[in-house]
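Text of run.txt, listed as compact mmCIF, C-alpha atoms:
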```txt
# COMPACT_ATOMS: atom_id res chain seq x y z
CA MET A 1 18.95 21.05 -1.54
CA LYS A 2 20.77 18.41 0.46
CA ILE A 3 23.76 16.59 -1.00
CA GLY A 4 24.78 13.09 0.07
CA VAL A 5 27.82 10.92 -0.48
CA LYS A 6 27.63 7.24 -1.45
CA SER A 7 29.66 4.54 0.25
CA TYR A 8 29.80 0.79 -0.10
CA GLU A 9 31.51 -0.22 3.14
CA TYR A 10 34.27 2.20 3.96
CA ASN A 11 34.32 3.92 7.35
CA LYS A 12 37.06 6.25 6.13
CA GLU A 13 34.66 7.82 3.63
CA LEU A 14 32.06 8.41 6.31
CA GLU A 15 34.63 9.77 8.72
CA TYR A 16 35.96 12.20 6.12
CA PHE A 17 32.58 13.46 4.90
CA LYS A 18 30.61 13.45 8.16
CA ASP A 19 30.98 17.24 8.45
CA LYS A 20 30.81 17.94 4.71
CA ALA A 21 27.84 15.94 3.37
CA ASP A 22 24.20 16.15 4.46
CA PHE A 23 23.63 12.39 4.46
CA PHE A 24 25.16 9.07 3.43
CA GLU A 25 23.82 6.51 0.97
CA ILE A 26 24.97 2.96 1.70
CA MET A 27 24.94 -0.04 -0.62
CA ALA A 28 23.80 -2.92 1.60
CA VAL A 29 26.12 -5.70 0.43
CA GLU A 30 25.15 -9.01 2.00
CA GLY A 31 27.74 -10.31 4.44
CA LYS A 32 29.31 -6.93 5.10
CA ASP A 33 29.24 -5.59 8.65
CA TYR A 34 27.79 -2.08 8.95
CA SER A 35 27.40 -2.00 12.73
CA SER A 36 30.21 0.54 13.12
CA PHE A 37 28.22 2.99 10.98
CA LYS A 38 25.92 3.54 13.95
CA GLU A 39 28.53 5.87 15.44
CA PHE A 40 27.86 8.42 12.69
CA LYS A 41 24.96 10.68 13.66
CA MET A 42 23.97 11.36 10.07
CA PRO A 43 20.85 10.49 8.07
CA PHE A 44 21.27 7.32 6.02
CA VAL A 45 19.71 6.14 2.76
CA ILE A 46 20.01 2.44 1.95
CA HIS A 47 20.43 1.01 -1.56
CA CYS A 48 19.61 -2.64 -2.24
CA GLN A 49 22.00 -4.79 -4.22
CA HIS A 50 21.32 -4.81 -7.96
CA ALA A 51 22.42 -6.56 -11.17
CA VAL A 52 26.13 -6.16 -10.39
CA PHE A 53 25.50 -8.43 -7.39
CA GLY A 54 23.42 -10.93 -9.35
CA ILE A 55 20.06 -9.50 -8.31
CA ASN A 56 17.16 -9.21 -10.75
CA ASN A 57 13.81 -8.46 -9.14
CA SER A 58 11.92 -9.28 -12.34
CA ASP A 59 13.23 -12.87 -12.47
CA LYS A 60 10.94 -15.33 -10.68
CA ASP A 61 13.70 -17.95 -10.66
CA LEU A 62 15.80 -15.64 -8.47
CA TYR A 63 13.02 -15.06 -5.95
CA GLN A 64 14.89 -16.33 -2.88
CA LYS A 65 18.10 -14.55 -3.82
CA ASN A 66 16.22 -11.31 -4.43
CA LEU A 67 14.29 -11.64 -1.17
CA SER A 68 17.44 -12.36 0.84
CA SER A 69 19.08 -9.28 -0.64
CA PHE A 70 16.15 -7.03 0.19
CA ASN A 71 15.81 -8.41 3.71
CA TYR A 72 19.47 -7.63 4.33
CA ALA A 73 18.94 -4.07 3.11
CA ARG A 74 15.88 -3.83 5.37
CA LYS A 75 17.97 -5.01 8.31
CA ILE A 76 20.62 -2.35 7.68
CA ALA A 77 17.92 0.31 7.22
CA ASP A 78 16.41 -0.66 10.56
CA MET A 79 19.80 -0.57 12.28
CA LEU A 80 20.73 2.87 10.90
CA GLY A 81 17.28 4.41 11.10
CA ALA A 82 17.08 4.97 7.33
CA LYS A 83 13.84 6.33 5.93
CA LYS A 84 14.52 5.30 2.33
CA ILE A 85 15.42 1.96 0.73
CA ILE A 86 16.26 2.23 -2.97
CA ILE A 87 15.51 -0.75 -5.19
CA HIS A 88 16.06 -1.51 -8.89
CA PRO A 89 13.04 -3.04 -10.65
CA GLY A 90 15.19 -5.39 -12.72
CA ASP A 91 15.88 -6.33 -16.34
CA ILE A 92 14.08 -8.51 -18.87
CA LYS A 93 16.78 -11.08 -19.63
CA ASN A 94 14.89 -14.31 -20.24
CA GLU A 95 11.46 -15.96 -20.11
CA ALA A 96 11.51 -16.01 -16.30
CA CYS A 97 11.56 -12.20 -16.24
CA SER A 98 8.57 -9.91 -16.50
CA LYS A 99 7.22 -6.55 -15.44
CA GLU A 100 4.46 -8.33 -13.55
CA ASN A 101 6.96 -10.41 -11.56
CA SER A 102 8.80 -7.29 -10.47
CA ILE A 103 5.69 -5.39 -9.47
CA SER A 104 4.37 -8.38 -7.53
CA PHE A 105 7.70 -8.93 -5.77
CA ILE A 106 8.16 -5.29 -4.74
CA LYS A 107 4.57 -5.00 -3.58
CA SER A 108 4.92 -8.15 -1.47
CA LEU A 109 7.81 -6.62 0.49
CA LYS A 110 5.36 -4.32 2.28
CA ASP A 111 7.86 -1.67 3.29
CA LYS A 112 6.82 1.97 3.02
CA ARG A 113 10.45 3.06 2.82
CA ILE A 114 10.97 1.52 -0.66
CA ILE A 115 11.64 3.91 -3.52
CA ILE A 116 11.98 2.53 -7.04
CA GLU A 117 14.83 3.77 -9.23
CA ASN A 118 14.43 4.44 -12.97
CA MET A 119 16.73 2.43 -15.18
CA PRO A 120 18.74 3.40 -18.29
CA ARG A 121 18.49 0.72 -20.95
CA GLU A 122 15.80 -0.66 -23.25
CA LYS A 123 15.72 -4.08 -21.56
CA SER A 124 15.55 -2.48 -18.13
CA LEU A 125 12.23 -1.93 -16.42
CA CYS A 126 11.21 1.64 -15.52
CA ASN A 127 13.32 3.20 -18.27
CA THR A 128 10.48 5.60 -19.15
CA PRO A 129 8.45 8.00 -16.99
CA GLU A 130 5.28 6.15 -17.96
CA GLN A 131 6.50 2.76 -16.74
CA LEU A 132 8.03 4.20 -13.56
CA LYS A 133 4.65 5.80 -12.78
CA GLU A 134 2.95 2.45 -13.36
CA PHE A 135 5.31 0.77 -10.90
CA ALA A 136 4.81 3.49 -8.30
CA ASP A 137 1.02 3.35 -8.69
CA LYS A 138 0.77 -0.44 -8.53
CA THR A 139 3.25 -0.97 -5.68
CA GLY A 140 2.45 2.13 -3.64
CA CYS A 141 6.19 2.90 -3.48
CA GLY A 142 8.01 6.17 -3.96
CA ILE A 143 10.53 7.09 -6.65
CA CYS A 144 14.28 7.58 -6.82
CA PHE A 145 15.13 9.57 -9.94
CA ASP A 146 18.56 8.82 -11.39
CA ILE A 147 19.27 11.71 -13.77
CA ASN A 148 22.10 9.92 -15.56
CA HIS A 149 19.85 6.95 -16.25
CA ALA A 150 17.29 9.33 -17.73
CA LEU A 151 19.92 10.71 -20.09
CA TYR A 152 20.43 7.17 -21.44
CA SER A 153 16.68 6.74 -21.74
CA ALA A 154 16.38 9.96 -23.72
CA GLN A 155 19.07 8.74 -26.11
CA ASN A 156 17.32 5.36 -26.55
CA LEU A 157 13.95 7.04 -27.06
CA LYS A 158 15.46 9.64 -29.39
CA LYS A 159 13.91 12.42 -27.32
CA ASP A 160 15.21 15.70 -25.96
CA TYR A 161 16.87 14.85 -22.66
CA LYS A 162 15.56 18.00 -20.98
CA GLU A 163 11.98 17.03 -21.72
CA VAL A 164 12.59 13.48 -20.49
CA ILE A 165 14.09 14.80 -17.25
CA LYS A 166 11.13 17.12 -16.74
CA SER A 167 8.71 14.23 -17.34
CA PHE A 168 10.39 12.18 -14.61
CA ILE A 169 10.39 15.14 -12.23
CA LYS A 170 6.62 15.51 -12.70
CA LEU A 171 6.33 12.17 -10.89
CA LYS A 172 7.59 13.95 -7.73
CA PRO A 173 10.58 11.75 -6.85
CA GLY A 174 11.49 11.42 -3.20
CA HIS A 175 15.21 11.12 -3.93
CA PHE A 176 17.72 11.88 -6.69
CA HIS A 177 21.00 10.46 -8.06
CA LEU A 178 23.36 12.66 -10.07
CA GLY A 179 26.82 12.33 -11.55
CA GLY A 180 28.77 13.75 -14.44
CA HIS A 181 27.92 12.62 -17.96
CA LYS A 182 29.29 12.61 -21.48
CA PHE A 183 26.85 12.31 -24.34
CA ILE A 184 28.84 9.53 -25.98
CA GLY A 185 27.30 7.29 -23.33
CA VAL A 186 29.72 7.59 -20.40
CA ASP A 187 28.06 8.42 -17.12
CA HIS A 188 28.56 8.73 -13.37
CA LEU A 189 31.71 10.72 -14.02
CA CYS A 190 33.25 13.39 -11.85
CA PHE A 191 31.75 16.80 -12.55
CA ALA A 192 35.11 18.10 -13.76
CA ASP A 193 34.98 15.55 -16.61
CA SER A 194 31.31 16.11 -17.44
CA GLU A 195 29.61 17.69 -20.45
CA LEU A 196 26.42 18.39 -18.51
CA ASP A 197 25.31 21.92 -17.73
CA LEU A 198 25.10 21.27 -13.99
CA LYS A 199 23.44 24.58 -13.21
CA GLU A 200 20.70 23.92 -15.75
CA ILE A 201 20.09 20.37 -14.49
CA LEU A 202 19.88 21.49 -10.87
CA SER A 203 17.50 24.30 -11.81
CA PHE A 204 14.96 21.65 -12.89
CA LEU A 205 14.89 20.04 -9.44
CA PRO A 206 12.72 21.01 -6.47
CA ARG A 207 14.41 23.21 -3.91
CA ASP A 208 14.09 20.53 -1.21
CA ALA A 209 15.66 17.77 -3.36
CA GLU A 210 17.94 15.27 -1.64
CA ILE A 211 20.66 14.28 -4.11
CA THR A 212 23.20 11.47 -3.80
CA LEU A 213 26.42 12.11 -5.71
CA GLU A 214 27.21 9.18 -8.00
CA THR A 215 30.59 10.24 -9.29
CA SER A 216 33.71 8.62 -7.85
CA ASN A 217 34.64 6.29 -4.99
CA GLU A 218 37.85 8.25 -4.43
CA ILE A 219 37.71 10.63 -1.48
CA GLU A 220 39.64 13.47 -3.12
CA LYS A 221 37.53 13.37 -6.28
CA THR A 222 34.30 13.19 -4.30
CA LYS A 223 35.52 16.12 -2.21
CA GLU A 224 35.96 18.15 -5.41
CA ASP A 225 32.53 17.10 -6.73
CA LEU A 226 30.92 18.16 -3.47
CA LYS A 227 32.64 21.53 -3.73
CA ILE A 228 31.56 21.99 -7.36
CA ILE A 229 27.89 21.19 -6.78
CA LYS A 230 27.69 23.40 -3.69
CA GLU A 231 29.19 26.31 -5.61
CA VAL A 232 26.69 25.82 -8.42
CA LEU A 233 23.79 25.70 -5.95
CA LYS A 234 24.76 29.16 -4.72
CA GLU A 235 24.05 30.49 -8.23
CA ILE A 236 20.54 29.07 -8.51
```

Show me this structure written as structure tokens.
Amino acid sequence: MKIGVKSYEYNKELEYFKDKADFFEIMAVEGKDYSSFKEFKMPFVIHCQHAVFGINNSDKDLYQKNLSSFNYARKIADMLGAKKIIIHPGDIKNEACSKENSISFIKSLKDKRIIIENMPREKSLCNTPEQLKEFADKTGCGICFDINHALYSAQNLKKDYKEVIKSFIKLKPGHFHLGGHKFIGVDHLCFADSELDLKEILSFLPRDAEITLETSNEIEKTKEDLKIIKEVLKEI
């Protein structure tokens, strides 16, 4: 398995982890300059902006904003030679939002690098394996499986989280997100603070999985998480 570190815009993170991580995942925030990242001879994965940045790909009234955001991510992916662009399908927040809008929008982008991420909550699209499969089938895009999001989905669906995880994995995701988790609903924690059986979770994944750590933005904590997951991988 290959383990990557996530960064929003900080060269110091990339400089520190360039010899420790297998790849970097970058959040493509519009207006930020990522040209200096070209000096790092590492594989890159690009993540499009999402709801935190006011993006909702299911909302037809936000079409231009959503398109601008994706085109910026595409530009950064081109610059850094990224082979994956992660996108959130969106949330159903009002009458302008729909599953059909999201599928149509993502399909219209015509970029084979797009992988669609599963979402955690009931009003989020792709919060079940069945709907994520529908999106992948209708858009022709790949899948990014966020394990922590699946844990929320299992709770909402009142299903065994292990079975939900296995159902998502059957869809053959091309990328994975993983962080620590507490079953009271707190996720993307450091592994030291997690209630998850990390060894068990990793044993479910394919041996060639590429996993982005979604734990902490602090270098020292991420360093410890990287150490923990690599030690666990030795036991599998």

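With distances taken over all atoms listed in the file, A:Phe44 is the one residue among A:Phe44, A:Phe37, A:Tyr161, A:Phe135 lying closest to Glu25 (chain A).
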
Could you check which of A:Asn148, A:Thr128, A:Thr212, A:Gln49 is closest to Leu226 (chain A), using only C-alpha atoms? A:Thr212

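Minimum atom-to-atom distances from A:Leu62, A:Ala51, A:Ile76, A:Leu205 to Lys38 (chain A) were compared using only C-alpha atoms, and the lowest value belongs to A:Ile76.
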
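If you measure from each of A:Glu134, A:Ser124, A:Leu151, A:His47 to Glu163 (chain A) using only C-alpha atoms, the closest one turns out to be A:Leu151.
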
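Our summary of the geometry notes that CA of Ile184 (chain A) is positioned 13.2 Å from CA of Ser153 (chain A).
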
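Between Asp146 (chain A) and the candidates A:Asp78, A:Asp19, A:Glu210, A:Glu220, the tightest atom-to-atom separation, counting all atoms listed in the file, involves A:Glu210.
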